[in-house]
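Pasted below: target25.txt, compact mmCIF, C-alpha atoms.
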# COMPACT_ATOMS: atom_id res chain seq x y z
CA MET A 1 -24.73 6.77 -2.14
CA GLU A 2 -23.25 3.66 -3.71
CA SER A 3 -19.82 2.41 -2.68
CA VAL A 4 -17.32 1.83 -5.47
CA PRO A 5 -14.37 -0.51 -4.79
CA VAL A 6 -10.93 1.11 -4.81
CA CYS A 7 -7.39 -0.21 -4.79
CA MET A 8 -3.93 0.88 -3.68
CA THR A 9 -0.91 -0.74 -5.36
CA VAL A 10 2.65 -0.13 -4.24
CA ARG A 11 5.61 -1.57 -6.14
CA TRP A 12 9.23 -0.98 -5.18
CA ARG A 13 12.74 -2.42 -5.43
CA VAL A 14 14.78 -3.32 -2.36
CA PRO A 15 18.23 -4.85 -1.82
CA PRO A 16 18.02 -8.67 -1.61
CA GLY A 17 19.35 -8.64 1.96
CA GLU A 18 16.37 -6.54 3.13
CA ALA A 19 13.58 -8.34 1.28
CA GLN A 20 12.84 -10.91 3.98
CA SER A 21 12.50 -8.38 6.81
CA ILE A 22 10.37 -6.06 4.66
CA THR A 23 7.99 -8.83 3.58
CA ALA A 24 7.72 -10.06 7.19
CA THR A 25 6.75 -6.54 8.27
CA LEU A 26 4.25 -6.32 5.40
CA GLN A 27 2.68 -9.61 6.46
CA SER A 28 2.26 -8.21 9.96
CA LEU A 29 0.65 -5.06 8.53
CA MET A 30 -1.65 -7.22 6.41
CA LEU A 31 -3.04 -8.91 9.51
CA LYS A 32 -4.20 -5.49 10.74
CA THR A 33 -5.42 -4.50 7.27
CA ARG A 34 -7.60 -7.56 6.76
CA VAL A 35 -9.64 -6.85 9.91
CA ALA A 36 -10.03 -3.12 9.22
CA PRO A 37 -13.56 -1.96 8.35
CA GLY A 38 -14.05 -1.91 4.58
CA CYS A 39 -11.08 -4.10 3.66
CA ALA A 40 -11.91 -6.29 0.65
CA GLY A 41 -8.49 -8.00 0.63
CA CYS A 42 -4.76 -7.44 0.43
CA SER A 43 -1.71 -9.26 -0.88
CA VAL A 44 2.05 -9.11 -1.12
CA SER A 45 4.26 -10.67 -3.78
CA THR A 46 7.97 -10.62 -4.59
CA GLU A 47 10.06 -11.00 -7.74
CA MET A 48 13.61 -12.15 -7.08
CA GLY A 49 16.57 -10.88 -9.09
CA ALA A 50 19.62 -8.67 -8.62
CA GLN A 51 17.14 -6.39 -6.88
CA VAL A 52 13.96 -7.70 -5.30
CA VAL A 53 10.68 -6.18 -6.47
CA ILE A 54 7.92 -6.14 -3.87
CA GLN A 55 4.32 -5.50 -4.78
CA TYR A 56 1.75 -4.77 -2.09
CA VAL A 57 -1.96 -4.40 -2.92
CA GLU A 58 -4.91 -3.34 -0.78
CA ASN A 59 -8.52 -3.47 -1.99
CA TRP A 60 -11.17 -1.41 -0.22
CA LYS A 61 -14.95 -1.41 -0.49
CA SER A 62 -15.09 2.37 -0.89
CA GLU A 63 -12.90 5.45 -1.17
CA THR A 64 -14.06 6.47 2.31
CA ASP A 65 -12.56 3.25 3.69
CA LEU A 66 -9.30 3.84 1.80
CA ARG A 67 -9.05 7.45 2.98
CA ARG A 68 -9.44 6.32 6.61
CA GLN A 69 -6.54 3.89 6.13
CA VAL A 70 -4.29 6.43 4.41
CA ARG A 71 -4.63 8.56 7.56
CA SER A 72 -3.81 5.63 9.89
CA ASP A 73 -0.64 4.73 11.78
CA ARG A 74 -0.58 1.51 9.76
CA PHE A 75 -0.17 3.53 6.57
CA SER A 76 2.65 5.50 8.22
CA ALA A 77 4.42 2.18 8.89
CA LEU A 78 4.01 1.26 5.22
CA ALA A 79 5.49 4.62 4.20
CA GLU A 80 8.54 3.90 6.39
CA LEU A 81 9.10 0.63 4.50
CA LEU A 82 9.02 2.54 1.22
CA GLU A 83 11.94 4.63 2.42
CA ARG A 84 14.09 1.49 2.08
CA ALA A 85 13.51 1.39 -1.68
CA THR A 86 16.53 1.56 -3.98
CA GLU A 87 14.61 3.80 -6.39
CA HIS A 88 11.33 5.75 -6.32
CA PRO A 89 8.43 3.38 -5.61
CA LEU A 90 5.43 3.19 -7.90
CA ILE A 91 2.31 4.05 -5.92
CA GLU A 92 -1.08 3.98 -7.60
CA PHE A 93 -4.54 4.52 -6.22
CA ALA A 94 -7.30 3.16 -8.48
CA LEU A 95 -10.23 5.48 -7.71
CA PRO A 96 -13.67 6.10 -9.22
CA GLY A 97 -12.40 9.35 -10.78
CA GLY A 98 -9.35 7.63 -12.32
CA PRO A 99 -5.88 6.60 -11.16
CA ARG A 100 -3.80 8.83 -8.88
CA GLY A 101 -0.26 8.66 -7.54
CA ILE A 102 1.44 9.57 -4.26
CA ASP A 103 -0.12 13.03 -4.50
CA TYR A 104 -3.42 11.43 -3.47
CA ALA A 105 -1.95 10.13 -0.18
CA GLU A 106 -0.32 13.51 0.50
CA GLU A 107 -3.64 15.26 -0.12
CA VAL A 108 -5.60 12.88 2.13
CA ARG A 109 -3.07 13.09 4.98
CA ARG A 110 -3.06 16.93 4.83
CA PHE A 111 -6.76 17.18 5.70
Once more with this new file: its structure as structure tokens, please.
Amino acid sequence: MESVPVCMTVRWRVPPGEAQSITATLQSLMLKTRVAPGCAGCSVSTEMGAQVVIQYVENWKSETDLRRQVRSDRFSALAELLERATEHPLIEFALPGGPRGIDYAEEVRRF
């Protein structure tokens, strides 16, 4: 069975005073992500304004690799950061069957 690359993108707004601590935590999480089996890369970027927009992206070699990460403690730590958003975060999983939202993570973590 051939592996198809997949991607998780998370984009959310945070108060300017929290942006530095959130991005520092994300950088720490990225160190663990980059050495995880199947990781094809990850990145974090910020857009400064009245609210700060943070975008975090993980690329995986296969959906199996992504699913393993969604079930991990590292993903739970990412979810905790999302709770600091000032509005609902945008979460998208680019999968072979088409894009999915947060429902995908909920489904994966249930089983």
Problem set entry | Pairwise distance for atom CA of A:Ala40 and atom CA of A:Asn59, rounded to one decimal in Å | 5.1 Å
Do you know which residues are at most 10 Å from stretch 65-77 of chain A counting all atoms listed in the file, after dropping those on the same chain fewer than 4 positions away, and could you put them as a CSV table (one decimal) with C-alpha atoms, keeping the file's coordinate frame?
chain,number,residue,atom,x,y,z
A,3,SER,CA,-19.8,2.4,-2.7
A,5,PRO,CA,-14.4,-0.5,-4.8
A,6,VAL,CA,-10.9,1.1,-4.8
A,7,CYS,CA,-7.4,-0.2,-4.8
A,8,MET,CA,-3.9,0.9,-3.7
A,25,THR,CA,6.8,-6.5,8.3
A,26,LEU,CA,4.2,-6.3,5.4
A,29,LEU,CA,0.6,-5.1,8.5
A,30,MET,CA,-1.6,-7.2,6.4
A,32,LYS,CA,-4.2,-5.5,10.7
A,33,THR,CA,-5.4,-4.5,7.3
A,36,ALA,CA,-10.0,-3.1,9.2
A,37,PRO,CA,-13.6,-2.0,8.4
A,38,GLY,CA,-14.0,-1.9,4.6
A,39,CYS,CA,-11.1,-4.1,3.7
A,58,GLU,CA,-4.9,-3.3,-0.8
A,59,ASN,CA,-8.5,-3.5,-2.0
A,60,TRP,CA,-11.2,-1.4,-0.2
A,61,LYS,CA,-15.0,-1.4,-0.5
A,81,LEU,CA,9.1,0.6,4.5
A,82,LEU,CA,9.0,2.5,1.2
A,93,PHE,CA,-4.5,4.5,-6.2
A,95,LEU,CA,-10.2,5.5,-7.7
A,104,TYR,CA,-3.4,11.4,-3.5
A,105,ALA,CA,-2.0,10.1,-0.2
A,106,GLU,CA,-0.3,13.5,0.5
A,107,GLU,CA,-3.6,15.3,-0.1
A,108,VAL,CA,-5.6,12.9,2.1
A,109,ARG,CA,-3.1,13.1,5.0
A,110,ARG,CA,-3.1,16.9,4.8
A,111,PHE,CA,-6.8,17.2,5.7
Problem set entry | Option closest in space to A:Val14, from A:Asp103, A:Pro96, A:Glu47, A:Leu78 [counting all atoms listed in the file] | A:Glu47
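As for atom CA of A:Val10 and atom CA of A:Arg84, they are spaced 13.2 Å apart.
Restricting the calculation to all atoms listed in the file, the smallest distance between A:Ile54 and any of A:Ala19, A:Ala24, A:Val35, A:Cys42 is found for A:Ala19.
Between atom CA of A:Arg13 and atom CA of A:Thr64 there is a distance of 29.3 Å.
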Can you fill out stretch 16-51 of chain A with N, CA and C atoms and hand it back as a PDB file, keeping the file's coordinate frame?
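File out16.pdb, as written:
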ATOM      1  N   PRO A  16      18.379  -7.299  -1.978  1.00  0.00           N
ATOM      2  CA  PRO A  16      18.020  -8.670  -1.610  1.00  0.00           C
ATOM      3  C   PRO A  16      18.158  -8.962  -0.111  1.00  0.00           C
ATOM      4  N   GLY A  17      19.137  -8.383   0.535  1.00  0.00           N
ATOM      5  CA  GLY A  17      19.350  -8.640   1.960  1.00  0.00           C
ATOM      6  C   GLY A  17      18.258  -8.073   2.861  1.00  0.00           C
ATOM      7  N   GLU A  18      17.440  -7.143   2.333  1.00  0.00           N
ATOM      8  CA  GLU A  18      16.370  -6.540   3.130  1.00  0.00           C
ATOM      9  C   GLU A  18      14.995  -7.095   2.808  1.00  0.00           C
ATOM     10  N   ALA A  19      14.894  -7.870   1.744  1.00  0.00           N
ATOM     11  CA  ALA A  19      13.580  -8.340   1.280  1.00  0.00           C
ATOM     12  C   ALA A  19      12.838  -9.155   2.327  1.00  0.00           C
ATOM     13  N   GLN A  20      13.519 -10.040   3.014  1.00  0.00           N
ATOM     14  CA  GLN A  20      12.840 -10.910   3.980  1.00  0.00           C
ATOM     15  C   GLN A  20      12.256 -10.100   5.140  1.00  0.00           C
ATOM     16  N   SER A  21      13.013  -9.164   5.688  1.00  0.00           N
ATOM     17  CA  SER A  21      12.500  -8.380   6.810  1.00  0.00           C
ATOM     18  C   SER A  21      11.355  -7.469   6.372  1.00  0.00           C
ATOM     19  N   ILE A  22      11.443  -6.932   5.156  1.00  0.00           N
ATOM     20  CA  ILE A  22      10.370  -6.060   4.660  1.00  0.00           C
ATOM     21  C   ILE A  22       9.098  -6.867   4.431  1.00  0.00           C
ATOM     22  N   THR A  23       9.199  -8.031   3.807  1.00  0.00           N
ATOM     23  CA  THR A  23       7.990  -8.830   3.580  1.00  0.00           C
ATOM     24  C   THR A  23       7.404  -9.340   4.890  1.00  0.00           C
ATOM     25  N   ALA A  24       8.232  -9.640   5.870  1.00  0.00           N
ATOM     26  CA  ALA A  24       7.720 -10.060   7.190  1.00  0.00           C
ATOM     27  C   ALA A  24       6.935  -8.913   7.836  1.00  0.00           C
ATOM     28  N   THR A  25       7.459  -7.697   7.720  1.00  0.00           N
ATOM     29  CA  THR A  25       6.750  -6.540   8.270  1.00  0.00           C
ATOM     30  C   THR A  25       5.443  -6.309   7.512  1.00  0.00           C
ATOM     31  N   LEU A  26       5.469  -6.466   6.189  1.00  0.00           N
ATOM     32  CA  LEU A  26       4.250  -6.320   5.400  1.00  0.00           C
ATOM     33  C   LEU A  26       3.198  -7.350   5.800  1.00  0.00           C
ATOM     34  N   GLN A  27       3.631  -8.577   6.045  1.00  0.00           N
ATOM     35  CA  GLN A  27       2.680  -9.610   6.460  1.00  0.00           C
ATOM     36  C   GLN A  27       2.034  -9.249   7.795  1.00  0.00           C
ATOM     37  N   SER A  28       2.802  -8.665   8.685  1.00  0.00           N
ATOM     38  CA  SER A  28       2.260  -8.210   9.960  1.00  0.00           C
ATOM     39  C   SER A  28       1.243  -7.081   9.739  1.00  0.00           C
ATOM     40  N   LEU A  29       1.573  -6.145   8.855  1.00  0.00           N
ATOM     41  CA  LEU A  29       0.650  -5.060   8.530  1.00  0.00           C
ATOM     42  C   LEU A  29      -0.629  -5.595   7.889  1.00  0.00           C
ATOM     43  N   MET A  30      -0.482  -6.641   7.069  1.00  0.00           N
ATOM     44  CA  MET A  30      -1.650  -7.220   6.410  1.00  0.00           C
ATOM     45  C   MET A  30      -2.627  -7.820   7.400  1.00  0.00           C
ATOM     46  N   LEU A  31      -2.136  -8.361   8.491  1.00  0.00           N
ATOM     47  CA  LEU A  31      -3.040  -8.910   9.510  1.00  0.00           C
ATOM     48  C   LEU A  31      -3.951  -7.813  10.054  1.00  0.00           C
ATOM     49  N   LYS A  32      -3.403  -6.626  10.256  1.00  0.00           N
ATOM     50  CA  LYS A  32      -4.200  -5.490  10.740  1.00  0.00           C
ATOM     51  C   LYS A  32      -5.112  -4.965   9.630  1.00  0.00           C
ATOM     52  N   THR A  33      -4.635  -5.001   8.400  1.00  0.00           N
ATOM     53  CA  THR A  33      -5.420  -4.500   7.270  1.00  0.00           C
ATOM     54  C   THR A  33      -6.657  -5.345   7.058  1.00  0.00           C
ATOM     55  N   ARG A  34      -6.488  -6.649   7.072  1.00  0.00           N
ATOM     56  CA  ARG A  34      -7.600  -7.560   6.760  1.00  0.00           C
ATOM     57  C   ARG A  34      -8.781  -7.416   7.714  1.00  0.00           C
ATOM     58  N   VAL A  35      -8.548  -6.994   8.947  1.00  0.00           N
ATOM     59  CA  VAL A  35      -9.640  -6.850   9.910  1.00  0.00           C
ATOM     60  C   VAL A  35     -10.174  -5.416   9.986  1.00  0.00           C
ATOM     61  N   ALA A  36      -9.583  -4.519   9.219  1.00  0.00           N
ATOM     62  CA  ALA A  36     -10.030  -3.120   9.220  1.00  0.00           C
ATOM     63  C   ALA A  36     -11.381  -3.008   8.501  1.00  0.00           C
ATOM     64  N   PRO A  37     -12.256  -2.146   8.994  1.00  0.00           N
ATOM     65  CA  PRO A  37     -13.560  -1.960   8.350  1.00  0.00           C
ATOM     66  C   PRO A  37     -13.386  -1.546   6.887  1.00  0.00           C
ATOM     67  N   GLY A  38     -14.084  -2.236   6.005  1.00  0.00           N
ATOM     68  CA  GLY A  38     -14.050  -1.910   4.580  1.00  0.00           C
ATOM     69  C   GLY A  38     -12.990  -2.621   3.774  1.00  0.00           C
ATOM     70  N   CYS A  39     -12.123  -3.399   4.411  1.00  0.00           N
ATOM     71  CA  CYS A  39     -11.080  -4.100   3.660  1.00  0.00           C
ATOM     72  C   CYS A  39     -11.720  -5.226   2.838  1.00  0.00           C
ATOM     73  N   ALA A  40     -11.413  -5.245   1.545  1.00  0.00           N
ATOM     74  CA  ALA A  40     -11.910  -6.290   0.650  1.00  0.00           C
ATOM     75  C   ALA A  40     -10.803  -7.285   0.317  1.00  0.00           C
ATOM     76  N   GLY A  41      -9.592  -7.079   0.859  1.00  0.00           N
ATOM     77  CA  GLY A  41      -8.490  -8.000   0.630  1.00  0.00           C
ATOM     78  C   GLY A  41      -7.176  -7.268   0.445  1.00  0.00           C
ATOM     79  N   CYS A  42      -6.086  -7.997   0.656  1.00  0.00           N
ATOM     80  CA  CYS A  42      -4.760  -7.440   0.430  1.00  0.00           C
ATOM     81  C   CYS A  42      -3.798  -8.577   0.138  1.00  0.00           C
ATOM     82  N   SER A  43      -2.692  -8.236  -0.520  1.00  0.00           N
ATOM     83  CA  SER A  43      -1.710  -9.260  -0.880  1.00  0.00           C
ATOM     84  C   SER A  43      -0.328  -8.648  -1.006  1.00  0.00           C
ATOM     85  N   VAL A  44       0.665  -9.511  -0.894  1.00  0.00           N
ATOM     86  CA  VAL A  44       2.050  -9.110  -1.120  1.00  0.00           C
ATOM     87  C   VAL A  44       2.690 -10.172  -2.005  1.00  0.00           C
ATOM     88  N   SER A  45       3.519  -9.734  -2.939  1.00  0.00           N
ATOM     89  CA  SER A  45       4.260 -10.670  -3.780  1.00  0.00           C
ATOM     90  C   SER A  45       5.663 -10.128  -4.016  1.00  0.00           C
ATOM     91  N   THR A  46       6.580 -11.026  -4.345  1.00  0.00           N
ATOM     92  CA  THR A  46       7.970 -10.620  -4.590  1.00  0.00           C
ATOM     93  C   THR A  46       8.460 -11.235  -5.896  1.00  0.00           C
ATOM     94  N   GLU A  47       9.363 -10.518  -6.557  1.00  0.00           N
ATOM     95  CA  GLU A  47      10.060 -11.000  -7.740  1.00  0.00           C
ATOM     96  C   GLU A  47      11.544 -10.939  -7.413  1.00  0.00           C
ATOM     97  N   MET A  48      12.201 -12.080  -7.456  1.00  0.00           N
ATOM     98  CA  MET A  48      13.610 -12.150  -7.080  1.00  0.00           C
ATOM     99  C   MET A  48      14.503 -11.910  -8.296  1.00  0.00           C
ATOM    100  N   GLY A  49      15.577 -11.169  -8.067  1.00  0.00           N
ATOM    101  CA  GLY A  49      16.570 -10.880  -9.090  1.00  0.00           C
ATOM    102  C   GLY A  49      17.733 -10.177  -8.427  1.00  0.00           C
ATOM    103  N   ALA A  50      18.529  -9.440  -9.202  1.00  0.00           N
ATOM    104  CA  ALA A  50      19.620  -8.670  -8.620  1.00  0.00           C
ATOM    105  C   ALA A  50      19.070  -7.706  -7.565  1.00  0.00           C
ATOM    106  N   GLN A  51      17.926  -7.163  -7.847  1.00  0.00           N
ATOM    107  CA  GLN A  51      17.140  -6.390  -6.880  1.00  0.00           C
ATOM    108  C   GLN A  51      15.832  -7.143  -6.709  1.00  0.00           C
TER     109      GLN A  51
END
